[in-house]
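File shown here: model.cif, holding mmCIF, C-alpha atoms and all ligand atoms.
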```cif
data_entry
loop_
_atom_site.label_atom_id
_atom_site.label_comp_id
_atom_site.auth_asym_id
_atom_site.auth_seq_id
_atom_site.Cartn_x
_atom_site.Cartn_y
_atom_site.Cartn_z
CA MET A 1 165.93 160.97 156.84
CA GLU A 2 166.96 161.13 160.49
CA GLU A 3 165.69 158.46 162.89
CA HIS A 4 163.56 161.01 164.78
CA ASP A 5 161.82 162.03 161.49
CA PHE A 6 160.28 158.57 161.02
CA PRO A 7 156.60 158.32 161.98
CA LYS A 8 156.08 156.38 165.23
CA LYS A 9 152.48 155.46 164.44
CA GLY A 10 150.26 154.49 161.51
CA GLU A 11 150.77 152.83 158.14
CA LYS A 12 154.32 154.11 157.54
CA ALA A 13 155.50 152.92 160.95
CA PHE A 14 153.80 149.54 160.31
CA GLU A 15 155.54 149.18 156.93
CA ARG A 16 158.90 150.12 158.37
CA PHE A 17 158.58 147.70 161.28
CA TYR A 18 157.48 144.66 159.26
CA SER A 19 159.84 145.23 156.34
CA ALA A 20 162.69 145.28 158.88
CA VAL A 21 161.42 141.98 160.36
CA TRP A 22 160.74 140.16 157.07
CA GLY A 23 163.29 141.78 154.74
CA GLN A 24 162.98 140.77 151.08
CA ARG A 25 160.02 138.53 151.84
CA TRP A 26 157.86 141.40 153.10
CA PRO A 27 156.32 142.62 149.76
CA LEU A 28 155.06 139.11 148.89
CA LEU A 29 153.94 138.39 152.43
CA ARG A 30 152.14 141.73 152.58
CA GLU A 31 150.43 140.98 149.27
CA ALA A 32 149.29 137.58 150.57
CA LEU A 33 147.98 139.14 153.80
CA LEU A 34 145.95 141.61 151.75
CA GLN A 35 144.10 138.83 149.92
CA GLU A 36 140.77 137.79 151.44
CA SER A 37 141.22 134.60 153.48
CA ALA A 38 139.14 131.60 152.44
CA PRO A 39 138.04 129.73 155.58
CA GLN A 40 136.89 126.14 155.08
CA GLY A 41 133.72 124.60 156.51
CA MET A 42 134.38 122.03 159.25
CA GLY A 43 132.28 119.57 161.18
CA GLU A 44 129.90 118.51 158.44
CA GLY A 45 127.70 115.68 159.69
CA VAL A 46 129.01 116.16 163.26
CA LEU A 47 128.18 119.78 164.12
CA LEU A 48 124.63 121.13 163.71
CA GLN A 49 125.98 123.27 160.85
CA PRO A 50 129.49 123.71 159.38
CA TYR A 51 131.75 126.30 161.05
CA TYR A 52 134.09 128.26 158.75
CA LEU A 53 137.66 128.41 160.01
CA ASP A 54 141.09 129.07 158.53
CA THR A 55 142.72 125.70 157.75
CA ALA A 56 145.92 126.67 159.59
CA SER A 57 143.91 127.40 162.78
CA ARG A 58 142.15 124.05 162.47
CA LEU A 59 145.40 122.12 161.96
CA ALA A 60 146.97 123.76 165.02
CA ALA A 61 143.98 123.25 167.34
CA GLU A 62 143.80 119.59 166.32
CA LEU A 63 147.37 119.08 167.61
CA LEU A 64 146.32 119.54 171.25
CA PRO A 65 145.97 116.00 172.67
CA VAL A 66 142.38 115.72 173.99
CA SER A 67 140.43 112.49 174.59
CA PRO A 68 136.88 111.86 175.84
CA GLY A 69 136.84 112.21 179.64
CA ASP A 70 139.60 114.86 179.81
CA LYS A 71 139.41 118.17 181.65
CA VAL A 72 140.14 120.85 179.07
CA LEU A 73 140.47 124.66 179.28
CA ASP A 74 140.34 127.18 176.44
CA LEU A 75 141.72 130.34 178.05
CA CYS A 76 140.87 132.86 175.28
CA ALA A 77 137.98 131.26 173.45
CA ALA A 78 135.85 133.72 171.44
CA PRO A 79 134.51 133.60 168.82
CA GLY A 80 134.89 129.86 169.34
CA GLY A 81 136.24 128.06 166.27
CA LYS A 82 138.97 126.24 168.17
CA THR A 83 136.69 125.53 171.14
CA LEU A 84 134.40 123.68 168.70
CA ILE A 85 137.36 121.47 167.71
CA LEU A 86 138.10 120.67 171.38
CA ALA A 87 134.41 119.92 172.03
CA GLN A 88 134.37 117.55 169.05
CA LYS A 89 137.36 115.69 170.51
CA LEU A 90 135.62 115.31 173.90
CA LYS A 91 132.41 113.93 172.31
CA GLY A 92 130.41 115.12 175.33
CA GLU A 93 132.55 113.20 177.89
CA GLY A 94 134.72 115.16 180.33
CA THR A 95 134.67 118.95 180.68
CA LEU A 96 135.61 121.92 178.54
CA VAL A 97 135.79 125.37 180.13
CA SER A 98 135.70 128.06 177.42
CA ASN A 99 136.83 131.36 178.87
CA GLU A 100 136.56 134.82 177.28
CA LEU A 101 137.16 138.16 179.01
CA SER A 102 135.16 140.44 176.68
CA SER A 103 131.44 140.27 177.45
CA ALA A 104 130.41 141.09 173.87
CA ARG A 105 132.70 138.40 172.47
CA ARG A 106 131.53 135.99 175.19
CA GLU A 107 127.95 136.40 173.95
CA ARG A 108 129.14 135.59 170.44
CA LEU A 109 130.96 132.51 171.80
CA LYS A 110 127.77 131.30 173.50
CA ARG A 111 125.87 131.76 170.23
CA VAL A 112 128.49 129.80 168.29
CA LEU A 113 128.31 126.95 170.81
CA ARG A 114 124.49 126.93 170.75
CA ASP A 115 124.29 127.02 166.95
CA HIS A 116 126.91 124.33 166.29
CA LEU A 117 127.15 121.79 169.13
CA PRO A 118 124.65 118.94 169.49
CA ASP A 119 122.82 119.09 172.87
CA LEU A 120 124.68 116.10 174.30
CA TRP A 121 128.04 117.73 173.62
CA GLN A 122 126.97 121.14 174.94
CA LYS A 123 126.52 119.63 178.41
CA ALA A 124 130.29 119.15 178.69
CA VAL A 125 131.02 122.83 177.91
CA SER A 126 130.80 125.79 180.28
CA VAL A 127 131.56 129.43 179.45
CA THR A 128 133.37 131.76 181.89
CA GLY A 129 134.51 135.41 181.72
CA LYS A 130 137.73 135.63 183.76
CA ASP A 131 141.02 137.41 183.09
CA ALA A 132 143.11 134.49 181.81
CA THR A 133 146.38 136.07 183.01
CA ARG A 134 145.15 135.42 186.59
CA TRP A 135 143.67 131.96 186.04
CA GLY A 136 146.73 130.13 187.33
CA LEU A 137 146.53 131.96 190.69
CA TYR A 138 143.27 130.21 191.53
CA GLN A 139 143.21 126.84 189.75
CA LYS A 140 146.44 124.88 189.99
CA GLU A 141 147.22 121.46 188.44
CA ILE A 142 143.64 121.00 187.21
CA TYR A 143 143.56 120.48 183.43
CA ASP A 144 144.79 117.70 181.14
CA ALA A 145 144.99 120.09 178.19
CA VAL A 146 144.93 123.88 177.79
CA LEU A 147 144.51 125.93 174.63
CA LEU A 148 146.10 129.37 174.81
CA ASP A 149 145.13 131.22 171.63
CA ALA A 150 146.51 134.55 172.77
CA PRO A 151 145.26 138.04 171.87
CA CYS A 152 147.83 139.23 169.32
CA SER A 153 148.70 141.84 166.70
CA SER A 154 146.49 140.17 164.04
CA GLU A 155 148.37 141.95 161.25
CA ARG A 156 146.11 140.50 158.56
CA HIS A 157 143.17 142.20 160.22
CA VAL A 158 145.13 145.45 160.77
CA LEU A 159 146.09 145.62 157.08
CA HIS A 160 142.42 145.36 156.12
CA SER A 161 141.32 148.09 158.53
CA PRO A 162 142.40 151.73 157.89
CA LYS A 163 141.26 152.61 161.42
CA HIS A 164 143.52 149.99 163.06
CA LEU A 165 146.39 150.72 160.67
CA ASN A 166 146.31 154.42 161.64
CA LEU A 167 146.45 153.50 165.32
CA TRP A 168 149.23 150.89 164.96
CA SER A 169 152.56 151.46 166.74
CA PRO A 170 155.49 149.14 167.64
CA HIS A 171 154.42 149.54 171.26
CA ARG A 172 151.42 147.31 170.47
CA THR A 173 153.47 144.19 169.72
CA LYS A 174 155.63 144.75 172.83
CA THR A 175 152.58 145.04 175.10
CA LEU A 176 150.93 141.98 173.56
CA ALA A 177 154.16 139.98 173.91
CA GLN A 178 154.32 140.87 177.63
CA GLN A 179 150.71 139.81 178.07
CA ALA A 180 151.46 136.55 176.24
CA VAL A 181 154.21 135.72 178.76
CA ALA A 182 151.77 136.33 181.64
CA LEU A 183 149.22 134.07 179.90
CA LEU A 184 151.85 131.34 179.38
CA CYS A 185 152.76 131.45 183.11
CA SER A 186 149.06 131.20 183.96
CA ALA A 187 148.61 128.19 181.65
CA LEU A 188 151.63 126.52 183.25
CA GLU A 189 150.11 126.78 186.73
CA THR A 190 146.70 125.46 185.76
CA VAL A 191 147.71 122.50 183.57
CA LYS A 192 148.50 119.20 185.32
CA THR A 193 152.07 117.94 185.41
CA GLY A 194 152.39 115.88 182.22
CA GLY A 195 149.50 117.80 180.64
CA TYR A 196 149.71 119.71 177.37
CA VAL A 197 149.39 123.38 176.37
CA LEU A 198 149.02 124.62 172.82
CA TYR A 199 150.19 128.23 172.50
CA ALA A 200 148.96 129.94 169.32
CA THR A 201 148.75 133.43 167.80
CA CYS A 202 147.76 134.79 164.40
CA SER A 203 150.66 137.28 164.49
CA ILE A 204 153.68 137.59 162.23
CA SER A 205 155.63 139.46 164.92
CA PRO A 206 158.42 137.18 166.25
CA GLU A 207 158.23 138.95 169.63
CA GLU A 208 154.70 137.60 170.18
CA ASN A 209 155.59 134.10 168.93
CA GLN A 210 158.98 132.48 169.60
CA GLY A 211 160.05 135.65 171.47
CA ALA A 212 157.28 135.25 174.08
CA LEU A 213 158.20 131.57 174.50
CA GLU A 214 161.88 132.43 174.99
CA LYS A 215 160.96 134.93 177.74
CA PHE A 216 158.68 132.28 179.27
CA ARG A 217 161.58 129.76 179.23
CA LYS A 218 163.75 132.23 181.12
CA LYS A 219 160.99 132.95 183.65
CA ARG A 220 160.10 129.29 184.24
CA PRO A 221 163.25 127.30 183.40
CA GLY A 222 162.94 123.51 183.40
CA ARG A 223 159.18 123.57 184.02
CA TRP A 224 158.07 122.75 180.46
CA ALA A 225 159.36 121.27 177.21
CA GLU A 226 158.25 121.67 173.61
CA VAL A 227 156.65 118.51 172.20
CA PRO A 228 158.29 117.63 168.87
CA LEU A 229 155.85 117.13 166.00
CA SER A 230 156.06 113.84 164.11
CA GLN A 231 155.61 115.82 160.91
CA ALA A 232 156.56 119.47 160.44
CA ILE A 233 153.63 121.76 159.72
CA GLY A 234 154.62 125.19 158.43
CA GLU A 235 158.01 126.80 158.98
CA ARG A 236 160.15 125.83 161.97
CA GLN A 237 160.96 128.73 164.33
CA SER A 238 163.34 128.67 167.31
CA TRP A 239 160.22 127.63 169.24
CA GLY A 240 157.12 126.34 167.44
CA TYR A 241 155.99 126.60 163.83
CA LEU A 242 154.60 129.37 161.63
CA ILE A 243 152.12 128.95 158.79
CA LEU A 244 152.19 131.96 156.45
CA PRO A 245 149.80 132.77 153.60
CA ASP A 246 152.47 133.48 150.95
CA THR A 247 153.64 129.84 151.09
CA HIS A 248 150.47 128.07 152.32
CA GLN A 249 147.81 128.89 149.72
CA GLY A 250 146.58 131.97 151.57
CA GLN A 251 146.11 130.19 154.93
CA GLY A 252 147.33 131.69 158.20
CA PRO A 253 149.16 133.50 159.62
CA LEU A 254 149.19 131.04 162.45
CA PHE A 255 152.01 130.45 164.93
CA PHE A 256 151.78 127.52 167.32
CA CYS A 257 153.88 125.61 169.83
CA LEU A 258 152.76 122.50 171.69
CA TRP A 259 154.43 122.08 175.07
CA GLN A 260 154.16 119.76 178.06
CA LYS A 261 154.45 120.58 181.76
CA LEU A 262 157.38 118.77 183.33
CA ALA A 263 157.53 117.24 186.80
CA PRO A 264 159.28 119.60 189.26
C1 LIG A 301 142.87 135.18 169.18
S1 LIG A 301 141.35 135.48 169.95
C2 LIG A 301 140.78 133.84 170.27
C3 LIG A 301 140.19 133.14 169.06
C4 LIG A 301 139.50 131.84 169.41
N1 LIG A 301 140.40 130.93 170.09
C5 LIG A 301 138.90 131.15 168.23
O1 LIG A 301 139.50 130.19 167.70
O2 LIG A 301 137.82 131.54 167.81
C6 LIG A 301 141.82 136.00 171.55
C7 LIG A 301 140.65 136.28 172.48
O3 LIG A 301 141.18 136.53 173.78
C8 LIG A 301 140.35 137.48 174.42
N2 LIG A 301 141.14 138.05 175.54
C9 LIG A 301 141.96 139.10 175.53
N3 LIG A 301 142.55 139.27 176.73
C10 LIG A 301 142.05 138.28 177.53
C11 LIG A 301 142.27 137.92 178.88
N4 LIG A 301 143.11 138.61 179.66
N5 LIG A 301 141.60 136.86 179.40
C12 LIG A 301 140.75 136.15 178.61
N6 LIG A 301 140.50 136.44 177.32
C13 LIG A 301 141.15 137.49 176.78
C14 LIG A 301 139.99 138.45 173.32
O4 LIG A 301 138.82 139.18 173.64
C15 LIG A 301 139.82 137.51 172.13
O5 LIG A 301 138.47 137.12 171.98
#
```

Would it be possible to restate this file's structure as structure tokens?
Amino acid sequence: MEEHDFPKKGEKAFERFYSAVWGQRWPLLREALLQESAPQGMGEGVLLQPYYLDTASRLAAELLPVSPGDKVLDLCAAPGGKTLILAQKLKGEGTLVSNELSSARRERLKRVLRDHLPDLWQKAVSVTGKDATRWGLYQKEIYDAVLLDAPCSSERHVLHSPKHLNLWSPHRTKTLAQQAVALLCSALETVKTGGYVLYATCSISPEENQGALEKFRKKRPGRWAEVPLSQAIGERQSWGYLILPDTHQGQGPLFFCLWQKLAP
């Protein structure tokens, strides 16, 4: 088959792209992605009711250093699982701004906060609806900690949805990776010097994970450094770590990298 005969869109293009990325691992990884995920309840006895979240997402969000009294920003917050973890760390002291661009998803985020957070803790949380890529233009050096859980390819979701699989093209991961770099630059501006940013995606596309961080390093050299983990979680990448369902009891995919803003 000639190169120009290969489909550019849809399931065949998806298969070709990810089998080239993952090689011999792809069939097993694909199989694991096709299994239903089994989110675990969190916050029993602390939240008003348990919230069900993938264990890999919980582990990653817990890595962001947040203490009561801190100023915290969640740039892409809906539906809100990771925001609940940040709110639990604040214990109602300090501030958490939970931002979400989509109005429908923002409504869902508000519902999640209302249904899970005790009143005293809700007072510390405010919900906004800005474009996170532009956040750093307006608020500079403000936050002690920022969560950037970027919009991503969500291949697990795509594989479960014939509609999304039919629409898939390699262009999607490139566009999302570019957006991720803009979001990383925005997070860099808004976090305080010495403050922390946790970058996360649920993608298995290296371009959106370590690839986006490498582009960010080139754009903003010397302005940030990855924070080494005391204990490795998942598989080490050139930047950050990746938790994949074929090797982590069905949890993930979840890529994350904790970094700190350096003094100029
Ligand atoms: C991976 S999801 C976040 C999941 C969330 N952190 C959680 O744990 O429940 C990414 C979110 O970013 C939102 N989003 C996409 N582009 C955005 C932008 N430019 N600014 C703010 N939010 C955006 C999407 O609507 C989506 O809800």

Requested in this report: Measuring atom to atom with all atoms listed in the file, identify which of A:Pro162, A:Pro68, A:Pro253, A:Gly194 is nearest to ligand LIG 301 (chain A).
Outcome: A:Pro253

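Of the listed residues A:Ala87, A:Leu258, A:Leu75, A:Leu59, the one whose atoms come nearest to A:Leu117 is A:Ala87, with distances taken using all atoms listed in the file.
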
Requested in this report: Would you kindly return, as an MDAnalysis selection string, each protein, DNA or RNA residue with an atom no farther than 7 Å from any atom of A:Ala38, considering only C-alpha atoms and excluding same-chain residues fewer than 2 positions away?
Outcome: chainID A and resid 36 40 54

Using all atoms listed in the file, which residues of the polymer chains come no farther than 6 Å from ligand LIG 301 (chain A)? I'd like the answer as a PDB file with C-alpha atoms, in the coordinates of the input.
```pdb
ATOM      1  CA  LEU A  75     141.720 130.340 178.050  1.00  0.00           C
ATOM      2  CA  CYS A  76     140.870 132.860 175.280  1.00  0.00           C
ATOM      3  CA  ALA A  77     137.980 131.260 173.450  1.00  0.00           C
ATOM      4  CA  ALA A  78     135.850 133.720 171.440  1.00  0.00           C
ATOM      5  CA  PRO A  79     134.510 133.600 168.820  1.00  0.00           C
ATOM      6  CA  GLY A  80     134.890 129.860 169.340  1.00  0.00           C
ATOM      7  CA  GLY A  81     136.240 128.060 166.270  1.00  0.00           C
ATOM      8  CA  LYS A  82     138.970 126.240 168.170  1.00  0.00           C
ATOM      9  CA  GLU A 100     136.560 134.820 177.280  1.00  0.00           C
ATOM     10  CA  LEU A 101     137.160 138.160 179.010  1.00  0.00           C
ATOM     11  CA  SER A 102     135.160 140.440 176.680  1.00  0.00           C
ATOM     12  CA  ARG A 105     132.700 138.400 172.470  1.00  0.00           C
ATOM     13  CA  LYS A 130     137.730 135.630 183.760  1.00  0.00           C
ATOM     14  CA  ASP A 131     141.020 137.410 183.090  1.00  0.00           C
ATOM     15  CA  ALA A 132     143.110 134.490 181.810  1.00  0.00           C
ATOM     16  CA  THR A 133     146.380 136.070 183.010  1.00  0.00           C
ATOM     17  CA  ASP A 149     145.130 131.220 171.630  1.00  0.00           C
ATOM     18  CA  ALA A 150     146.510 134.550 172.770  1.00  0.00           C
ATOM     19  CA  PRO A 151     145.260 138.040 171.870  1.00  0.00           C
TER      20      PRO A 151
END
```

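Selection around (135.2, 118.3, 157.3) with radius 12 Å, counting all atoms listed in the file, yields the residues Pro39, Gln40, Gly41, Met42, Gly43, Glu44, Gly45, Val46, Leu47, Gln49, Pro50, Tyr51, Tyr52, Leu53, Thr55, Arg58, Leu59, Ile85 and Gln88 of chain A.
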
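Using only C-alpha atoms for every distance, the candidate list A:Glu189, A:Glu11, A:Glu31, A:Glu62 yields A:Glu189 as the residue closest to A:Trp224.
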
Report summary line: note - atom CA of A:Thr193 and atom CA of A:Gln260 are separated by 7.9 Å

Query raised in the report: Could you name the residues that touch A:Val72 at 8 Å or less, counting only C-alpha atoms, but leaving out those on the same chain fewer than 4 positions away, as an MDAnalysis selection string?
Result: chainID A and resid 66 86 94:97 143:146

Dump as a short mmCIF file (atom, residue, chain, number, x, y, z; two decimals), keeping the file's coordinate frame, selection limited to C-alpha atoms:
```
data_model
loop_
_atom_site.label_atom_id
_atom_site.label_comp_id
_atom_site.auth_asym_id
_atom_site.auth_seq_id
_atom_site.Cartn_x
_atom_site.Cartn_y
_atom_site.Cartn_z
CA VAL A 66 142.38 115.72 173.99
CA LEU A 86 138.10 120.67 171.38
CA GLY A 94 134.72 115.16 180.33
CA THR A 95 134.67 118.95 180.68
CA LEU A 96 135.61 121.92 178.54
CA VAL A 97 135.79 125.37 180.13
CA TYR A 143 143.56 120.48 183.43
CA ASP A 144 144.79 117.70 181.14
CA ALA A 145 144.99 120.09 178.19
CA VAL A 146 144.93 123.88 177.79
#
```

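Here the question is which of A:Gln179, A:Thr83, A:Ser203, A:Leu244 gets nearest to A:Val158 using all atoms listed in the file, and that residue is A:Ser203.
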
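Going from atom CA of A:Lys219 to atom CA of A:Cys257 covers 17.2 Å.
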
Requested in this report: Tell me which protein, DNA and RNA residues are within 12 Å of A:His248, counting all atoms listed in the file, leaving out same-chain ones fewer than 5 positions away, and put them as an MDAnalysis selection string.
Outcome: chainID A and resid 29 32:33 37:38 54:56 233:235 242:243 253:254

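Among A:Ala61, A:Ala200, A:Leu120, A:Leu183, the residue with the shortest atom-to-atom distance to A:Phe256, counting only C-alpha atoms, is A:Ala200.
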
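Take the candidates A:Ala232, A:Leu90, A:Leu176, A:Ile142 and check each one against A:Val191 using only C-alpha atoms; the shortest distance goes to A:Ile142.
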
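What separates atom CA of A:Gln210 from atom CA of A:Trp239 is a distance of 5.0 Å.
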
Mind checking which residues fall within 12 Å of A:Glu214, counting only C-alpha atoms, ignoring those fewer than 3 positions away in the same chain, and posting them as a PDB file with C-alpha atoms, keeping the file's coordinate frame?
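Printed below is out.pdb as written:
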```pdb
ATOM      1  CA  ALA A 177     154.160 139.980 173.910  1.00  0.00           C
ATOM      2  CA  GLN A 178     154.320 140.870 177.630  1.00  0.00           C
ATOM      3  CA  ALA A 180     151.460 136.550 176.240  1.00  0.00           C
ATOM      4  CA  VAL A 181     154.210 135.720 178.760  1.00  0.00           C
ATOM      5  CA  LEU A 184     151.850 131.340 179.380  1.00  0.00           C
ATOM      6  CA  PRO A 206     158.420 137.180 166.250  1.00  0.00           C
ATOM      7  CA  GLU A 207     158.230 138.950 169.630  1.00  0.00           C
ATOM      8  CA  GLU A 208     154.700 137.600 170.180  1.00  0.00           C
ATOM      9  CA  ASN A 209     155.590 134.100 168.930  1.00  0.00           C
ATOM     10  CA  GLN A 210     158.980 132.480 169.600  1.00  0.00           C
ATOM     11  CA  GLY A 211     160.050 135.650 171.470  1.00  0.00           C
ATOM     12  CA  ARG A 217     161.580 129.760 179.230  1.00  0.00           C
ATOM     13  CA  LYS A 218     163.750 132.230 181.120  1.00  0.00           C
ATOM     14  CA  LYS A 219     160.990 132.950 183.650  1.00  0.00           C
ATOM     15  CA  ARG A 220     160.100 129.290 184.240  1.00  0.00           C
ATOM     16  CA  PRO A 221     163.250 127.300 183.400  1.00  0.00           C
ATOM     17  CA  TRP A 224     158.070 122.750 180.460  1.00  0.00           C
ATOM     18  CA  ALA A 225     159.360 121.270 177.210  1.00  0.00           C
ATOM     19  CA  GLU A 226     158.250 121.670 173.610  1.00  0.00           C
ATOM     20  CA  GLN A 237     160.960 128.730 164.330  1.00  0.00           C
ATOM     21  CA  SER A 238     163.340 128.670 167.310  1.00  0.00           C
ATOM     22  CA  TRP A 239     160.220 127.630 169.240  1.00  0.00           C
ATOM     23  CA  GLY A 240     157.120 126.340 167.440  1.00  0.00           C
ATOM     24  CA  CYS A 257     153.880 125.610 169.830  1.00  0.00           C
TER      25      CYS A 257
END
```

Restricted to N, CA and C atoms, what does stretch 96-124 of chain A look like when written out as a PDB file, in the first residue's frame?
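And here is the file that came out, out-v2.pdb:
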```pdb
ATOM      1  N   LEU A  96      -8.989  28.604  46.637  1.00  0.00           N
ATOM      2  CA  LEU A  96      -8.857  27.736  45.469  1.00  0.00           C
ATOM      3  C   LEU A  96      -9.749  28.309  44.371  1.00  0.00           C
ATOM      4  N   VAL A  97      -9.118  28.691  43.247  1.00  0.00           N
ATOM      5  CA  VAL A  97      -9.885  29.139  42.090  1.00  0.00           C
ATOM      6  C   VAL A  97      -9.962  27.950  41.132  1.00  0.00           C
ATOM      7  N   SER A  98     -11.199  27.505  40.849  1.00  0.00           N
ATOM      8  CA  SER A  98     -11.402  26.375  39.938  1.00  0.00           C
ATOM      9  C   SER A  98     -11.968  26.925  38.645  1.00  0.00           C
ATOM     10  N   ASN A  99     -11.162  26.857  37.591  1.00  0.00           N
ATOM     11  CA  ASN A  99     -11.528  27.486  36.323  1.00  0.00           C
ATOM     12  C   ASN A  99     -11.926  26.430  35.290  1.00  0.00           C
ATOM     13  N   GLU A 100     -12.946  26.744  34.507  1.00  0.00           N
ATOM     14  CA  GLU A 100     -13.380  25.833  33.433  1.00  0.00           C
ATOM     15  C   GLU A 100     -14.005  26.655  32.324  1.00  0.00           C
ATOM     16  N   LEU A 101     -13.494  26.489  31.100  1.00  0.00           N
ATOM     17  CA  LEU A 101     -13.965  27.306  29.973  1.00  0.00           C
ATOM     18  C   LEU A 101     -15.379  26.945  29.510  1.00  0.00           C
ATOM     19  N   SER A 102     -15.686  25.660  29.452  1.00  0.00           N
ATOM     20  CA  SER A 102     -16.999  25.239  28.915  1.00  0.00           C
ATOM     21  C   SER A 102     -18.104  25.519  29.938  1.00  0.00           C
ATOM     22  N   SER A 103     -19.160  26.218  29.492  1.00  0.00           N
ATOM     23  CA  SER A 103     -20.199  26.589  30.461  1.00  0.00           C
ATOM     24  C   SER A 103     -20.956  25.353  30.944  1.00  0.00           C
ATOM     25  N   ALA A 104     -21.197  24.388  30.043  1.00  0.00           N
ATOM     26  CA  ALA A 104     -21.925  23.183  30.474  1.00  0.00           C
ATOM     27  C   ALA A 104     -21.094  22.416  31.503  1.00  0.00           C
ATOM     28  N   ARG A 105     -19.803  22.292  31.224  1.00  0.00           N
ATOM     29  CA  ARG A 105     -18.943  21.553  32.160  1.00  0.00           C
ATOM     30  C   ARG A 105     -18.737  22.339  33.458  1.00  0.00           C
ATOM     31  N   ARG A 106     -18.793  23.670  33.345  1.00  0.00           N
ATOM     32  CA  ARG A 106     -18.670  24.509  34.558  1.00  0.00           C
ATOM     33  C   ARG A 106     -19.860  24.279  35.493  1.00  0.00           C
ATOM     34  N   GLU A 107     -21.047  24.118  34.898  1.00  0.00           N
ATOM     35  CA  GLU A 107     -22.243  23.841  35.716  1.00  0.00           C
ATOM     36  C   GLU A 107     -22.071  22.509  36.443  1.00  0.00           C
ATOM     37  N   ARG A 108     -21.508  21.535  35.717  1.00  0.00           N
ATOM     38  CA  ARG A 108     -21.282  20.221  36.337  1.00  0.00           C
ATOM     39  C   ARG A 108     -20.273  20.351  37.490  1.00  0.00           C
ATOM     40  N   LEU A 109     -19.236  21.158  37.258  1.00  0.00           N
ATOM     41  CA  LEU A 109     -18.216  21.392  38.294  1.00  0.00           C
ATOM     42  C   LEU A 109     -18.854  21.988  39.551  1.00  0.00           C
ATOM     43  N   LYS A 110     -19.732  22.977  39.350  1.00  0.00           N
ATOM     44  CA  LYS A 110     -20.394  23.619  40.494  1.00  0.00           C
ATOM     45  C   LYS A 110     -21.219  22.593  41.263  1.00  0.00           C
ATOM     46  N   ARG A 111     -21.904  21.717  40.510  1.00  0.00           N
ATOM     47  CA  ARG A 111     -22.722  20.673  41.151  1.00  0.00           C
ATOM     48  C   ARG A 111     -21.851  19.723  41.965  1.00  0.00           C
ATOM     49  N   VAL A 112     -20.719  19.347  41.388  1.00  0.00           N
ATOM     50  CA  VAL A 112     -19.804  18.428  42.093  1.00  0.00           C
ATOM     51  C   VAL A 112     -19.318  19.077  43.399  1.00  0.00           C
ATOM     52  N   LEU A 113     -18.979  20.355  43.327  1.00  0.00           N
ATOM     53  CA  LEU A 113     -18.492  21.056  44.525  1.00  0.00           C
ATOM     54  C   LEU A 113     -19.591  21.113  45.590  1.00  0.00           C
ATOM     55  N   ARG A 114     -20.810  21.483  45.133  1.00  0.00           N
ATOM     56  CA  ARG A 114     -21.946  21.603  46.051  1.00  0.00           C
ATOM     57  C   ARG A 114     -22.274  20.265  46.716  1.00  0.00           C
ATOM     58  N   ASP A 115     -22.216  19.190  45.915  1.00  0.00           N
ATOM     59  CA  ASP A 115     -22.650  17.880  46.427  1.00  0.00           C
ATOM     60  C   ASP A 115     -21.598  17.184  47.285  1.00  0.00           C
ATOM     61  N   HIS A 116     -20.345  17.664  47.224  1.00  0.00           N
ATOM     62  CA  HIS A 116     -19.281  16.923  47.921  1.00  0.00           C
ATOM     63  C   HIS A 116     -18.571  17.696  49.018  1.00  0.00           C
ATOM     64  N   LEU A 117     -18.479  19.039  48.872  1.00  0.00           N
ATOM     65  CA  LEU A 117     -17.666  19.780  49.856  1.00  0.00           C
ATOM     66  C   LEU A 117     -18.500  20.281  51.033  1.00  0.00           C
ATOM     67  N   PRO A 118     -18.046  20.049  52.265  1.00  0.00           N
ATOM     68  CA  PRO A 118     -18.731  20.642  53.415  1.00  0.00           C
ATOM     69  C   PRO A 118     -18.763  22.167  53.280  1.00  0.00           C
ATOM     70  N   ASP A 119     -19.818  22.808  53.828  1.00  0.00           N
ATOM     71  CA  ASP A 119     -20.016  24.264  53.666  1.00  0.00           C
ATOM     72  C   ASP A 119     -18.756  25.075  53.979  1.00  0.00           C
ATOM     73  N   LEU A 120     -18.102  24.720  55.084  1.00  0.00           N
ATOM     74  CA  LEU A 120     -16.939  25.503  55.521  1.00  0.00           C
ATOM     75  C   LEU A 120     -15.818  25.478  54.482  1.00  0.00           C
ATOM     76  N   TRP A 121     -15.695  24.365  53.778  1.00  0.00           N
ATOM     77  CA  TRP A 121     -14.644  24.238  52.766  1.00  0.00           C
ATOM     78  C   TRP A 121     -15.049  24.917  51.466  1.00  0.00           C
ATOM     79  N   GLN A 122     -16.354  24.941  51.195  1.00  0.00           N
ATOM     80  CA  GLN A 122     -16.823  25.573  49.949  1.00  0.00           C
ATOM     81  C   GLN A 122     -16.480  27.052  49.917  1.00  0.00           C
ATOM     82  N   LYS A 123     -16.427  27.668  51.100  1.00  0.00           N
ATOM     83  CA  LYS A 123     -16.173  29.124  51.159  1.00  0.00           C
ATOM     84  C   LYS A 123     -14.808  29.481  50.570  1.00  0.00           C
ATOM     85  N   ALA A 124     -13.882  28.537  50.596  1.00  0.00           N
ATOM     86  CA  ALA A 124     -12.533  28.823  50.080  1.00  0.00           C
ATOM     87  C   ALA A 124     -12.461  28.675  48.553  1.00  0.00           C
TER      88      ALA A 124
END
```
